[in-house]
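**Q** So here's query-v9.cif, just mmCIF, C-alpha atoms and all ligand atoms:
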data_structure
#
loop_
_atom_site.label_atom_id
_atom_site.label_comp_id
_atom_site.auth_asym_id
_atom_site.auth_seq_id
_atom_site.Cartn_x
_atom_site.Cartn_y
_atom_site.Cartn_z
CA MET P 1 -11.99 16.97 -4.37
CA GLU P 2 -12.94 13.36 -3.83
CA ARG P 3 -10.05 10.96 -4.30
CA HIS P 4 -10.09 8.02 -6.69
CA TYR P 5 -9.43 5.56 -3.86
CA ARG P 6 -10.28 4.79 -0.24
CA LEU P 7 -8.43 2.70 2.30
CA LEU P 8 -9.86 -0.50 3.72
CA CYS P 9 -8.75 -2.07 7.00
CA ILE P 10 -8.46 -5.75 6.13
CA ALA P 11 -9.05 -6.84 9.74
CA CYS P 12 -12.21 -4.91 10.65
CA GLY P 13 -13.44 -3.69 7.28
CA ARG P 14 -13.38 -0.04 8.31
CA ASP P 15 -13.35 2.43 5.46
CA ILE P 16 -10.67 5.09 5.95
CA GLU P 17 -10.00 8.30 4.10
CA ASP P 18 -6.34 8.91 3.28
CA SER P 19 -4.60 11.65 5.25
CA GLU P 20 -4.22 15.04 3.61
CA SER P 21 -0.99 15.84 5.39
CA GLY P 22 0.88 12.55 4.97
CA PHE P 23 0.00 8.87 4.72
CA SER P 24 -2.66 6.94 6.63
CA LEU P 25 -0.72 3.79 7.54
CA GLU P 26 -2.95 1.95 10.00
CA CYS P 27 -6.42 1.50 11.44
CA ARG P 28 -7.20 3.12 14.78
CA GLU P 29 -9.62 0.44 15.94
CA ASN P 30 -8.54 -1.78 18.79
CA HIS P 31 -7.57 -5.05 17.11
CA PRO P 32 -4.32 -6.87 16.25
CA PRO P 33 -2.27 -5.04 13.61
CA SER P 34 -3.51 -5.22 10.04
CA LEU P 35 -2.48 -3.80 6.72
CA LEU P 36 -4.74 -1.30 5.00
CA ARG P 37 -5.52 -1.88 1.35
CA ALA P 38 -6.29 0.69 -1.32
CA VAL P 39 -9.74 0.26 -2.87
CA TYR P 40 -9.97 2.04 -6.21
CA ARG P 41 -13.14 3.57 -7.54
CA ARG P 42 -12.60 2.10 -11.01
CA LYS P 43 -12.89 -1.67 -11.00
CA THR P 44 -11.77 -2.03 -14.60
CA LEU P 45 -8.28 -0.88 -15.42
CA THR P 46 -7.97 1.73 -18.13
CA VAL P 47 -4.35 1.77 -19.23
CA ARG P 48 -3.22 5.32 -19.99
CA PRO P 49 -0.20 5.10 -22.32
CA GLU P 50 -0.08 8.89 -22.57
CA LEU P 51 1.06 9.09 -18.92
CA PRO P 52 4.75 8.52 -18.04
CA GLY P 53 6.05 5.11 -16.89
CA ILE P 54 4.03 3.35 -14.17
CA PHE P 55 1.46 6.14 -14.21
CA ARG P 56 -0.09 4.41 -17.21
CA TYR P 57 -1.73 2.46 -14.33
CA ALA P 58 -2.75 5.61 -12.43
CA ASP P 59 -6.30 4.26 -11.95
CA TRP P 60 -4.80 1.75 -9.52
CA LEU P 61 -2.15 3.87 -7.84
CA PRO P 62 -2.88 6.01 -4.75
CA ALA P 63 -1.13 8.99 -6.32
CA ARG P 64 -1.96 12.69 -6.03
CA ARG P 65 0.05 13.49 -9.17
CA THR P 66 2.13 11.85 -11.86
CA LEU P 67 5.91 12.21 -12.11
CA GLU P 68 7.39 13.11 -15.48
CA SER P 69 10.55 11.02 -15.41
CA ALA P 70 8.88 7.78 -14.30
CA GLY P 71 10.05 4.46 -15.67
CA SER P 72 8.24 1.14 -15.54
CA PRO P 73 8.86 -2.62 -15.44
CA VAL P 74 9.10 -4.49 -18.74
CA VAL P 75 7.65 -7.94 -19.33
CA TYR P 76 8.64 -10.27 -22.16
CA GLN P 77 8.37 -13.95 -23.00
CA SER P 78 11.65 -15.78 -22.47
CA SER P 79 13.09 -18.11 -25.05
CA GLY P 80 16.68 -18.79 -23.89
CA LEU P 81 15.99 -19.48 -20.24
CA ALA P 82 12.61 -21.06 -21.02
CA ASP P 83 14.27 -23.58 -23.36
CA ALA P 84 16.96 -24.39 -20.82
CA LEU P 85 14.30 -25.11 -18.19
CA GLY P 86 11.97 -26.85 -20.64
CA MET P 87 9.20 -24.33 -20.03
CA ASP P 88 6.65 -23.31 -22.66
CA ARG P 89 5.31 -20.09 -21.22
CA LEU P 90 7.91 -18.38 -19.06
CA TYR P 91 7.52 -14.62 -18.84
CA ILE P 92 10.16 -12.41 -17.31
CA ALA P 93 9.32 -9.15 -15.58
CA PHE P 94 12.45 -7.05 -15.46
CA SER P 95 12.83 -3.93 -13.35
CA GLY P 96 16.19 -2.28 -13.81
CA TYR P 97 18.45 -0.82 -16.45
CA TRP P 98 18.34 -2.70 -19.74
CA PRO P 99 17.75 -0.13 -22.49
CA ARG P 100 17.72 -2.76 -25.26
CA ARG P 101 14.57 -4.20 -23.63
CA GLY P 102 13.13 -0.77 -22.88
CA ALA P 103 13.91 -1.00 -19.15
CA LEU P 104 15.06 2.40 -17.94
CA LEU P 105 15.00 2.26 -14.12
CA GLU P 106 18.39 3.83 -13.48
CA THR P 107 18.62 2.74 -9.85
CA CYS P 108 18.50 -0.83 -11.14
CA SER P 109 15.72 -2.36 -9.03
CA PHE P 110 11.96 -2.50 -8.59
CA LYS P 111 12.35 -0.32 -5.50
CA GLU P 112 12.27 2.57 -7.95
CA LEU P 113 8.63 1.65 -8.69
CA GLU P 114 7.71 2.07 -5.01
CA ALA P 115 9.74 5.28 -4.73
CA LEU P 116 7.85 6.75 -7.68
CA SER P 117 4.50 5.75 -6.28
CA VAL P 118 5.25 6.92 -2.72
CA CYS P 119 6.64 10.27 -3.91
CA ALA P 120 3.53 10.72 -6.04
CA ARG P 121 1.37 10.13 -2.93
CA ALA P 122 3.49 12.39 -0.69
CA PRO P 123 2.42 15.93 0.17
CA LEU P 124 4.19 18.62 -1.87
CA PRO P 125 7.55 19.98 -0.61
CA SER P 126 5.78 23.18 0.48
CA HIS P 127 4.12 21.06 3.15
CA GLY P 128 7.37 21.47 5.08
CA ARG P 129 7.87 18.05 6.65
CA THR P 130 10.60 15.54 5.84
CA LEU P 131 9.83 11.99 4.74
CA VAL P 132 11.83 9.32 6.61
CA VAL P 133 12.65 6.11 4.74
CA SER P 134 14.69 3.17 6.07
CA SER P 135 16.47 0.83 3.75
CA ALA P 136 18.86 -2.12 3.42
CA GLY P 137 20.15 -0.77 0.11
CA ASN P 138 18.00 -0.70 -3.00
CA THR P 139 15.11 1.24 -1.45
CA GLY P 140 17.51 3.91 -0.22
CA ARG P 141 19.09 4.34 -3.63
CA ALA P 142 15.69 4.53 -5.31
CA PHE P 143 14.36 7.16 -2.88
CA LEU P 144 17.54 9.25 -3.11
CA GLN P 145 17.11 9.26 -6.88
CA ILE P 146 13.38 10.03 -7.02
CA GLY P 147 13.69 12.45 -4.09
CA SER P 148 16.39 14.30 -5.99
CA ILE P 149 14.27 14.49 -9.13
CA THR P 150 11.06 15.56 -7.37
CA GLY P 151 12.60 17.70 -4.61
CA ILE P 152 10.48 15.97 -1.94
CA PRO P 153 12.37 16.56 1.34
CA MET P 154 13.52 13.26 2.77
CA LEU P 155 15.94 11.49 5.06
CA VAL P 156 17.05 8.02 3.99
CA VAL P 157 18.36 5.88 6.87
CA ILE P 158 20.61 2.90 6.12
CA PRO P 159 22.99 0.56 7.95
CA GLU P 160 26.65 1.20 7.13
CA SER P 161 26.81 -2.11 5.23
CA ALA P 162 24.58 -0.56 2.55
CA LEU P 163 26.71 2.54 2.00
CA SER P 164 28.39 1.22 -1.14
CA ASP P 165 24.90 0.88 -2.71
CA MET P 166 24.13 4.58 -2.24
CA TRP P 167 24.53 6.24 -5.60
CA THR P 168 22.25 8.08 -7.99
CA THR P 169 22.47 9.22 -11.60
CA VAL P 170 21.27 12.75 -10.81
CA ALA P 171 22.50 15.59 -8.58
CA LYS P 172 21.20 15.49 -5.00
CA PRO P 173 19.61 18.71 -3.68
CA PRO P 174 20.15 19.88 -0.07
CA GLY P 175 16.69 18.75 1.13
CA VAL P 176 17.41 15.11 0.32
CA ASN P 177 19.67 13.56 2.95
CA LEU P 178 21.38 10.28 3.74
CA GLY P 179 21.75 9.11 7.36
CA VAL P 180 24.07 6.20 8.10
CA LEU P 181 23.92 3.97 11.17
CA VAL P 182 27.45 2.82 12.03
CA GLY P 183 28.78 0.23 14.45
CA GLY P 184 27.16 -3.07 13.43
CA GLY P 185 23.55 -2.04 12.92
CA ASP P 186 21.50 -3.97 10.37
CA TYR P 187 18.33 -3.23 8.41
CA LEU P 188 16.02 -3.65 11.43
CA ASP P 189 18.19 -1.29 13.49
CA ALA P 190 17.89 1.26 10.66
CA ILE P 191 14.09 0.77 10.59
CA GLU P 192 13.86 1.38 14.33
CA LEU P 193 16.04 4.47 14.14
CA GLY P 194 13.95 5.73 11.22
CA ASN P 195 10.78 5.26 13.30
CA ARG P 196 12.27 7.26 16.18
CA ILE P 197 13.25 10.11 13.87
CA ALA P 198 9.87 10.04 12.14
CA ALA P 199 8.13 10.51 15.51
CA ARG P 200 9.78 13.92 15.92
CA ASP P 201 8.20 17.16 14.82
CA GLY P 202 8.92 18.01 11.22
CA PHE P 203 9.21 14.40 10.06
CA TYR P 204 6.80 11.71 8.86
CA SER P 205 7.29 8.00 8.26
CA GLU P 206 7.21 6.35 4.86
CA GLY P 207 5.79 3.29 6.62
CA GLY P 208 7.36 0.43 4.67
CA ALA P 209 4.94 -2.38 3.83
CA LYS P 210 2.13 -0.44 5.53
CA ASN P 211 2.25 2.22 2.83
CA VAL P 212 -0.29 1.27 0.15
CA ALA P 213 1.64 3.40 -2.36
CA ARG P 214 4.72 1.28 -1.79
CA ARG P 215 2.78 -1.92 -2.40
CA ASP P 216 0.78 -0.74 -5.39
CA GLY P 217 3.90 0.79 -6.97
CA LEU P 218 5.56 -2.63 -6.75
CA GLY P 219 2.31 -4.22 -7.94
CA THR P 220 2.60 -2.48 -11.31
CA VAL P 221 4.87 -5.41 -12.22
CA LEU P 222 1.79 -7.62 -12.26
CA LEU P 223 -0.20 -5.07 -14.27
CA ALA P 224 2.59 -4.93 -16.85
CA ALA P 225 2.51 -8.72 -16.93
CA ALA P 226 -1.25 -8.86 -17.41
CA GLU P 227 -0.93 -6.37 -20.26
CA ALA P 228 1.87 -8.36 -21.93
CA ILE P 229 0.41 -11.84 -21.39
CA GLY P 230 -3.27 -10.97 -21.67
CA GLU P 231 -4.12 -12.96 -18.54
CA ILE P 232 -3.18 -13.43 -14.91
CA PRO P 233 -0.20 -15.85 -14.79
CA ALA P 234 -0.70 -19.20 -13.06
CA HIS P 235 2.48 -18.82 -10.99
CA TYR P 236 4.46 -15.86 -9.65
CA PHE P 237 8.09 -16.15 -8.48
CA GLN P 238 9.86 -13.50 -6.42
CA ALA P 239 12.73 -13.21 -3.95
CA VAL P 240 11.36 -11.83 -0.67
CA GLY P 241 12.99 -10.04 2.22
CA SER P 242 9.96 -8.31 3.68
CA GLY P 243 7.45 -9.79 1.26
CA THR P 244 6.05 -6.38 0.39
CA GLY P 245 6.46 -6.95 -3.35
CA GLY P 246 4.84 -10.37 -3.05
CA ILE P 247 1.86 -9.07 -1.08
CA ALA P 248 1.55 -6.36 -3.72
CA ALA P 249 1.43 -8.89 -6.56
CA TRP P 250 -1.28 -10.84 -4.71
CA GLU P 251 -3.38 -7.72 -4.17
CA MET P 252 -3.06 -6.68 -7.82
CA SER P 253 -4.02 -10.21 -8.92
CA MET P 254 -7.25 -9.85 -6.92
CA ARG P 255 -8.00 -6.50 -8.58
CA LEU P 256 -7.37 -8.07 -11.99
CA ARG P 257 -9.76 -10.93 -11.17
CA GLU P 258 -12.40 -8.42 -10.21
CA ASP P 259 -11.77 -6.57 -13.47
CA GLY P 260 -12.64 -9.84 -15.20
CA ARG P 261 -10.82 -9.35 -18.51
CA TYR P 262 -7.67 -11.19 -17.43
CA GLY P 263 -9.25 -14.46 -16.35
CA ASP P 264 -10.40 -15.66 -12.97
CA ARG P 265 -7.22 -17.36 -11.88
CA ALA P 266 -5.94 -17.41 -8.31
CA MET P 267 -2.28 -16.81 -9.06
CA LYS P 268 -0.08 -19.10 -6.98
CA LEU P 269 2.67 -17.28 -5.12
CA HIS P 270 6.22 -18.71 -4.90
CA PHE P 271 8.47 -16.73 -2.57
CA VAL P 272 12.20 -17.36 -2.34
CA GLN P 273 14.58 -16.50 0.47
CA ASN P 274 18.37 -16.65 0.74
CA ASP P 275 19.57 -19.46 2.96
CA PRO P 276 21.73 -18.22 5.74
CA PHE P 277 18.70 -16.09 6.73
CA ALA P 278 15.31 -17.43 5.67
CA ILE P 279 12.95 -16.85 8.60
CA MET P 280 9.75 -16.60 6.58
CA ALA P 281 10.54 -19.84 4.75
CA GLU P 282 11.18 -21.50 8.12
CA ALA P 283 7.93 -20.24 9.59
CA TRP P 284 5.92 -21.25 6.53
CA HIS P 285 7.41 -24.74 6.43
CA SER P 286 6.49 -25.27 10.05
CA GLY P 287 2.93 -24.16 9.27
CA SER P 288 3.18 -21.18 11.58
CA ARG P 289 1.83 -17.64 11.36
CA GLN P 290 4.54 -16.69 13.85
CA LEU P 291 8.15 -16.08 12.87
CA PRO P 292 10.63 -18.40 14.64
CA PHE P 293 12.49 -16.93 17.58
CA MET P 294 16.09 -16.15 16.72
CA SER P 295 18.62 -14.29 18.84
CA GLU P 296 19.85 -10.98 17.47
CA GLU P 297 23.39 -12.37 17.29
CA LYS P 298 22.37 -15.42 15.32
CA ALA P 299 20.23 -13.37 12.96
CA LYS P 300 22.98 -10.85 12.33
CA ALA P 301 25.51 -13.63 11.72
CA GLY P 302 23.20 -15.10 9.07
CA ILE P 303 22.50 -11.72 7.53
CA SER P 304 26.20 -10.92 7.24
CA ARG P 305 26.67 -14.01 5.05
CA LEU P 306 23.75 -13.31 2.68
CA HIS P 307 24.48 -13.18 -1.03
CA SER P 308 21.56 -10.75 -1.33
CA LYS P 309 21.67 -8.38 1.63
CA VAL P 310 18.40 -6.69 0.73
CA LEU P 311 16.68 -9.94 1.80
CA SER P 312 17.46 -9.28 5.45
CA ASN P 313 14.36 -7.93 7.22
CA ARG P 314 14.22 -9.41 10.75
CA LYS P 315 10.62 -8.24 11.26
CA PRO P 316 8.86 -8.72 7.92
CA PRO P 317 5.04 -8.30 7.65
CA TYR P 318 4.60 -12.07 7.73
CA GLY P 319 1.92 -12.80 10.32
CA ILE P 320 0.06 -9.47 10.17
CA THR P 321 -3.48 -9.57 8.74
CA GLY P 322 -3.19 -9.15 4.98
CA GLY P 323 0.52 -10.06 5.03
CA VAL P 324 2.73 -12.81 3.67
CA PHE P 325 1.14 -15.71 5.59
CA ASP P 326 -2.35 -14.73 4.41
CA ALA P 327 -1.16 -14.27 0.82
CA LEU P 328 0.47 -17.71 0.72
CA THR P 329 -2.51 -19.34 2.40
CA ASP P 330 -5.01 -17.73 0.04
CA THR P 331 -3.19 -18.86 -3.10
CA GLY P 332 -1.89 -22.26 -1.95
CA GLY P 333 1.60 -20.84 -2.38
CA HIS P 334 5.08 -22.09 -1.60
CA MET P 335 8.25 -20.81 0.03
CA TYR P 336 11.79 -21.76 -0.85
CA SER P 337 15.22 -21.01 0.49
CA VAL P 338 18.26 -21.26 -1.74
CA SER P 339 21.99 -21.16 -0.99
CA ASN P 340 24.39 -18.43 -2.03
CA ALA P 341 26.00 -20.81 -4.51
CA GLU P 342 22.65 -21.71 -6.10
CA ALA P 343 21.84 -18.03 -6.44
CA ARG P 344 25.19 -17.22 -8.06
CA ASP P 345 24.84 -20.10 -10.53
CA ALA P 346 21.34 -18.95 -11.41
CA GLY P 347 22.64 -15.44 -11.98
CA LEU P 348 25.29 -16.67 -14.40
CA LEU P 349 22.70 -18.78 -16.21
CA PHE P 350 20.42 -15.76 -16.64
CA GLU P 351 23.25 -13.63 -17.89
CA SER P 352 24.39 -16.16 -20.46
CA LEU P 353 20.89 -16.99 -21.73
CA GLU P 354 19.06 -13.67 -21.46
CA GLY P 355 21.94 -11.21 -21.64
CA CYS P 356 21.73 -8.95 -18.59
CA ASP P 357 23.35 -9.04 -15.14
CA PRO P 358 20.69 -9.64 -12.45
CA ASP P 359 20.68 -8.13 -8.97
CA PRO P 360 21.64 -10.77 -6.33
CA ALA P 361 18.01 -10.89 -5.15
CA ALA P 362 16.81 -11.63 -8.66
CA GLN P 363 19.38 -14.42 -8.81
CA VAL P 364 17.76 -15.84 -5.68
CA ALA P 365 14.33 -15.74 -7.36
CA LEU P 366 15.57 -17.66 -10.40
CA ALA P 367 17.27 -20.26 -8.20
CA GLY P 368 13.87 -20.78 -6.57
CA LEU P 369 12.17 -21.24 -9.94
CA ILE P 370 14.78 -23.82 -10.97
CA HIS P 371 14.06 -25.67 -7.74
CA ALA P 372 10.31 -25.55 -8.33
CA VAL P 373 10.60 -26.93 -11.86
CA LYS P 374 12.88 -29.74 -10.68
CA THR P 375 10.52 -30.74 -7.89
CA GLY P 376 7.39 -30.46 -10.02
CA LYS P 377 5.81 -27.56 -8.14
CA VAL P 378 5.08 -25.97 -11.49
CA ASP P 379 4.06 -27.72 -14.66
CA THR P 380 6.32 -26.78 -17.57
CA GLY P 381 3.29 -26.02 -19.74
CA GLU P 382 1.83 -23.42 -17.38
CA THR P 383 2.15 -19.64 -17.58
CA VAL P 384 4.85 -18.55 -15.15
CA LEU P 385 5.91 -15.02 -14.27
CA LEU P 386 9.44 -14.67 -12.93
CA ASN P 387 9.89 -11.30 -11.26
CA MET P 388 13.49 -10.30 -11.92
CA THR P 389 13.38 -7.48 -9.42
CA GLY P 390 16.67 -5.84 -10.32
CA GLY P 391 19.63 -5.75 -12.65
CA GLY P 392 21.64 -3.90 -15.23
CA LYS P 393 24.22 -2.24 -12.98
CA ARG P 394 27.10 -3.30 -15.17
CA LEU P 395 26.01 -1.26 -18.17
CA LEU P 396 25.26 1.77 -16.04
CA GLU P 397 28.73 1.51 -14.54
CA LYS P 398 30.24 1.29 -18.02
CA GLU P 399 28.35 4.42 -19.01
CA GLY P 400 30.03 6.14 -16.06
CA ARG P 401 26.87 7.79 -14.75
CA MET P 402 26.86 6.63 -11.13
CA ARG P 403 27.41 9.38 -8.58
CA LYS P 404 28.36 8.26 -5.07
CA VAL P 405 26.15 9.67 -2.30
CA THR P 406 28.07 10.56 0.86
CA PRO P 407 26.42 10.57 4.31
CA ASP P 408 24.82 13.78 5.55
CA PHE P 409 24.23 12.35 9.05
CA ILE P 410 26.01 9.63 10.99
CA PHE P 411 24.49 7.81 13.97
CA THR P 412 26.21 5.38 16.31
CA MET P 413 24.20 2.46 17.68
CA GLN P 414 24.16 4.15 21.09
CA GLU P 415 22.89 7.42 19.64
CA ALA P 416 20.28 5.50 17.68
CA ARG P 417 18.99 3.81 20.85
CA ASP P 418 18.84 7.08 22.78
CA PHE P 419 17.16 8.92 19.99
CA THR P 420 13.85 10.15 21.36
CA LYS P 421 11.53 13.04 20.78
CA THR P 422 13.22 15.46 23.09
CA GLU P 423 16.90 14.58 23.07
CA MET P 424 19.62 14.99 20.50
CA PRO P 425 19.01 17.40 17.70
CA LEU P 426 20.03 16.09 14.29
CA THR P 427 23.53 17.30 13.53
CA LYS P 428 24.94 17.31 10.06
CA VAL P 429 28.25 15.84 9.00
CA SER P 430 30.41 18.81 8.05
C1 LIG E 1 13.83 -5.41 -1.83
C2 LIG E 1 14.11 -6.32 -2.93
C3 LIG E 1 13.52 -7.58 -2.99
C4 LIG E 1 12.61 -8.10 -1.93
O1 LIG E 1 11.44 -7.37 -1.91
P1 LIG E 1 10.51 -7.36 -0.63
O2 LIG E 1 9.36 -6.60 -1.07
O3 LIG E 1 11.31 -6.68 0.45
O4 LIG E 1 10.24 -8.74 -0.25
C5 LIG E 1 13.77 -8.38 -4.09
N1 LIG E 1 14.58 -7.97 -5.07
C6 LIG E 1 15.21 -6.76 -5.04
C7 LIG E 1 16.11 -6.39 -6.15
C8 LIG E 1 14.98 -5.90 -3.97
O5 LIG E 1 15.59 -4.73 -3.96
ZN ZN E 2 -9.44 -1.98 11.55
#
Write out the structure in this file as structure tokens.
Ligand SMILES: *Cc1c(COP(=O)(O)O)cnc(C)c1O
Ligand SMILES: [Zn+2]

**A**
Amino acid sequence: MERHYRLLCIACGRDIEDSESGFSLECRENHPPSLLRAVYRRKTLTVRPELPGIFRYADWLPARRTLESAGSPVVYQSSGLADALGMDRLYIAFSGYWPRRGALLETCSFKELEALSVCARAPLPSHGRTLVVSSAGNTGRAFLQIGSITGIPMLVVIPESALSDMWTTVAKPPGVNLGVLVGGGDYLDAIELGNRIAARDGFYSEGGAKNVARRDGLGTVLLAAAEAIGEIPAHYFQAVGSGTGGIAAWEMSMRLREDGRYGDRAMKLHFVQNDPFAIMAEAWHSGSRQLPFMSEEKAKAGISRLHSKVLSNRKPPYGITGGVFDALTDTGGHMYSVSNAEARDAGLLFESLEGCDPDPAAQVALAGLIHAVKTGKVDTGETVLLNMTGGGKRLLEKEGRMRKVTPDFIFTMQEARDFTKTEMPLTKVS
């Protein structure tokens, strides 16, 4: 059967058919690395409210199936926070657990949107291979949850520092496993270990930002916003670690422009990083497509002090064709970096004015918006979308539904480095 989408290589324009047995993640032509982009057959979006959660946007998701228990982002117009900032048209996109607002993502972040979309693109469990996903925290939790619900075999690889974030609200079946890298590894170390495991027989890589399902799952935030607002917002604010969610919003804004019913606006992107480790902000401010050189020690020291540890990717898709640099350039966007204290204050402000506890990364995003309003980067009369990418843990904790996930596999840094195709079988923690 012909699929409802094709893949386009942004660098060379090659048209690629998605893999039947996994995910097509890159172009095989000989040129510098580039993201692929999903090109959907339908250029106008038909919202399908009869389908669960984000699958109401199935026309623009590279999914083979829909998942019954799917949630979605919610978008509403702010009054409390908007008044405090003197803004007329501030919309908040919230992805997390806030039942009063209709937000039912039980892993409390927008990573659940990508997990839903990726699992809906993945081959069925009968295919027999295990999906490998690396994470700094929220992605891992989201995949453990959606993997448990769908039964898609997977191995989630995290640095030890993220272990306290590994919980679900459902029982975990034997085919869904957690691997923990101990001994000072960070997110990038976990990504590299994940890549080595994925290269072995019986495994395949989720691909991170290269997976169009990941990006378009995150991009449903913008579709929910367009539905709620009736038009493409003038400005989009998000905390970025890899920038995947930001690239996704940019790509969806282009699809919405092509649709034509949501205006012809080039939505300006505003990306916010957390100060002890803000390499994309640094690169952007120096006008460079290249990330600044930073020693591993210095990077890890910065990362260890981050208020939001999910914002810690040392190799984000910044300079790659179709990545963060291109997105910011195309929209005349801005980058910010905010301190831990600014983020915390912003979080408290949100909680007191809007009434829900934001994820540390979402606190970072709001701190960036406050900065932008103060410095006149946005006009207070314009339509602004603030992507509050996570929150609501406190209520879930109170409801007593969090189940800790314990490691199934443990890797030392040395084992991780030596991990190649032929050596070291995976051994389970007993
Ligand atoms: C991962 C994450 C981000 C950053 O998203 P990227 O796509 O990695 O830039 C922001 N907020 C939350 C809550 C996250 O989990
Ligand atoms: Zn190509």

**Q** Can you tell me which residues sit at most 10 Å away from ligand ZN 2 (chain E), counting all atoms listed in the file, written as a ChimeraX atom specification?

**A** /P:8-16,26-36

**Q** When you look at range 192-199 of chain P with a cut-off of 7 Å (counting only C-alpha atoms), what residues show up, excluding the ones that are within fewer than 2 positions of it in the same chain? I need them as a list in words.

**A**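 Within the cut-off, the hits are Val132, Val133, Ser134, Val157, Leu188, Asp189, Ala190, Asp201, Phe203, Tyr204, Ser205, Ala416, Phe419, Thr420 and Lys421 of chain P.
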
**Q** Quick one: contact table of chain P to ligand LIG 1 (chain E), 7 Å max, nearest atom pair and distance in Å to one decimal per residue, counting all atoms listed in the file, chain and number order, as a Markdown table?

**A**
| residue | atom | partner | partner_atom | distance |
| --- | --- | --- | --- | --- |
| P:Ser109 | CA | E:LIG1 | C7 | 5.0 |
| P:Phe110 | CA | E:LIG1 | C7 | 6.2 |
| P:Lys111 | CA | E:LIG1 | O5 | 5.7 |
| P:Asn138 | CA | E:LIG1 | O5 | 4.8 |
| P:Thr139 | CA | E:LIG1 | O5 | 6.5 |
| P:Gln238 | CA | E:LIG1 | C5 | 6.9 |
| P:Ala239 | CA | E:LIG1 | C5 | 4.9 |
| P:Val240 | CA | E:LIG1 | O4 | 3.3 |
| P:Gly241 | CA | E:LIG1 | O4 | 3.9 |
| P:Ser242 | CA | E:LIG1 | O3 | 3.9 |
| P:Gly243 | CA | E:LIG1 | O4 | 3.3 |
| P:Thr244 | CA | E:LIG1 | O2 | 3.6 |
| P:Gly245 | CA | E:LIG1 | O2 | 3.7 |
| P:Gly246 | CA | E:LIG1 | O2 | 6.2 |
| P:Val310 | CA | E:LIG1 | C1 | 5.4 |
| P:Leu311 | CA | E:LIG1 | C4 | 5.8 |
| P:Asp359 | CA | E:LIG1 | C7 | 5.6 |
| P:Ala361 | CA | E:LIG1 | N1 | 4.5 |
| P:Ala362 | CA | E:LIG1 | N1 | 5.6 |
| P:Thr389 | CA | E:LIG1 | C7 | 4.4 |
| P:Gly390 | CA | E:LIG1 | C7 | 4.2 |

**Q** Nearest residue to Met252 in chain P out of P:Ile146, P:Ala120, P:Ala224, P:Ala115, using all atoms listed in the file?

**A** P:Ala224

**Q** Find, counting all atoms listed in the file, the residue in P:Met154, P:Ala299, P:Ile232, P:Leu223 that gets nearest to Ser72 in chain P.

**A** P:Leu223

**Q** Could you please determine the separation between CA of Ala372 in chain P and CA of Arg101 in chain P in Å, to one decimal place?

**A** 26.6 Å

**Q** Pick out the closest residue to Phe143 in chain P from this set: P:Tyr187, P:Trp167, P:Phe237, P:Tyr318. Count all atoms listed in the file.

**A** P:Trp167

**Q** Pick from P:Ala228, P:Ala122, P:Leu90, P:Leu291: nearest to Pro153 in chain P, with all atoms listed in the file counted?

**A**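 The answer is P:Ala122, which sits nearest to Pro153 in chain P.
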
**Q** For Thr107 in chain P, list every protein, DNA or RNA residue within 8 Å, evaluated using all atoms listed in the file, and leave out those in the same chain fewer than 2 positions away; present the list as a compact mmCIF listing (two decimals) with C-alpha atoms, in the coordinates of the input.

**A**
# COMPACT_ATOMS: atom_id res chain seq x y z
CA GLY P 96 16.19 -2.28 -13.81
CA TYR P 97 18.45 -0.82 -16.45
CA LEU P 105 15.00 2.26 -14.12
CA SER P 109 15.72 -2.36 -9.03
CA GLU P 112 12.27 2.57 -7.95
CA ASN P 138 18.00 -0.70 -3.00
CA ARG P 141 19.09 4.34 -3.63
CA ALA P 142 15.69 4.53 -5.31
CA GLN P 145 17.11 9.26 -6.88
CA THR P 168 22.25 8.08 -7.99
CA THR P 169 22.47 9.22 -11.60

**Q** Leaving out Met335 in chain P and any residue of its chain fewer than 4 positions from it, which residues lie within 10 Å of it when counting only C-alpha atoms, given as a compact mmCIF listing (two decimals) with C-alpha atoms, in the coordinates of the input?

**A**
# COMPACT_ATOMS: atom_id res chain seq x y z
CA PHE P 237 8.09 -16.15 -8.48
CA GLN P 238 9.86 -13.50 -6.42
CA ALA P 239 12.73 -13.21 -3.95
CA VAL P 240 11.36 -11.83 -0.67
CA LEU P 269 2.67 -17.28 -5.12
CA HIS P 270 6.22 -18.71 -4.90
CA PHE P 271 8.47 -16.73 -2.57
CA VAL P 272 12.20 -17.36 -2.34
CA GLN P 273 14.58 -16.50 0.47
CA ALA P 278 15.31 -17.43 5.67
CA MET P 280 9.75 -16.60 6.58
CA ALA P 281 10.54 -19.84 4.75
CA GLU P 282 11.18 -21.50 8.12
CA ALA P 283 7.93 -20.24 9.59
CA TRP P 284 5.92 -21.25 6.53
CA HIS P 285 7.41 -24.74 6.43
CA LEU P 328 0.47 -17.71 0.72
CA GLY P 368 13.87 -20.78 -6.57
CA ALA P 372 10.31 -25.55 -8.33

**Q** Given all atoms listed in the file as the basis, pick out the residue of P:Gly53, P:Val74, P:Arg129, P:Asp83 nearest to Ser21 in chain P.

**A**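 With all atoms listed in the file as the atom set, the closest residue is P:Arg129.
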
**Q** Counting all atoms listed in the file, find residues at most 6 Å from (-5.2, -13.2, -16.9) (file frame) and give them as an MDAnalysis selection string.

**A** chainID P and resid 226 230:232 262:263
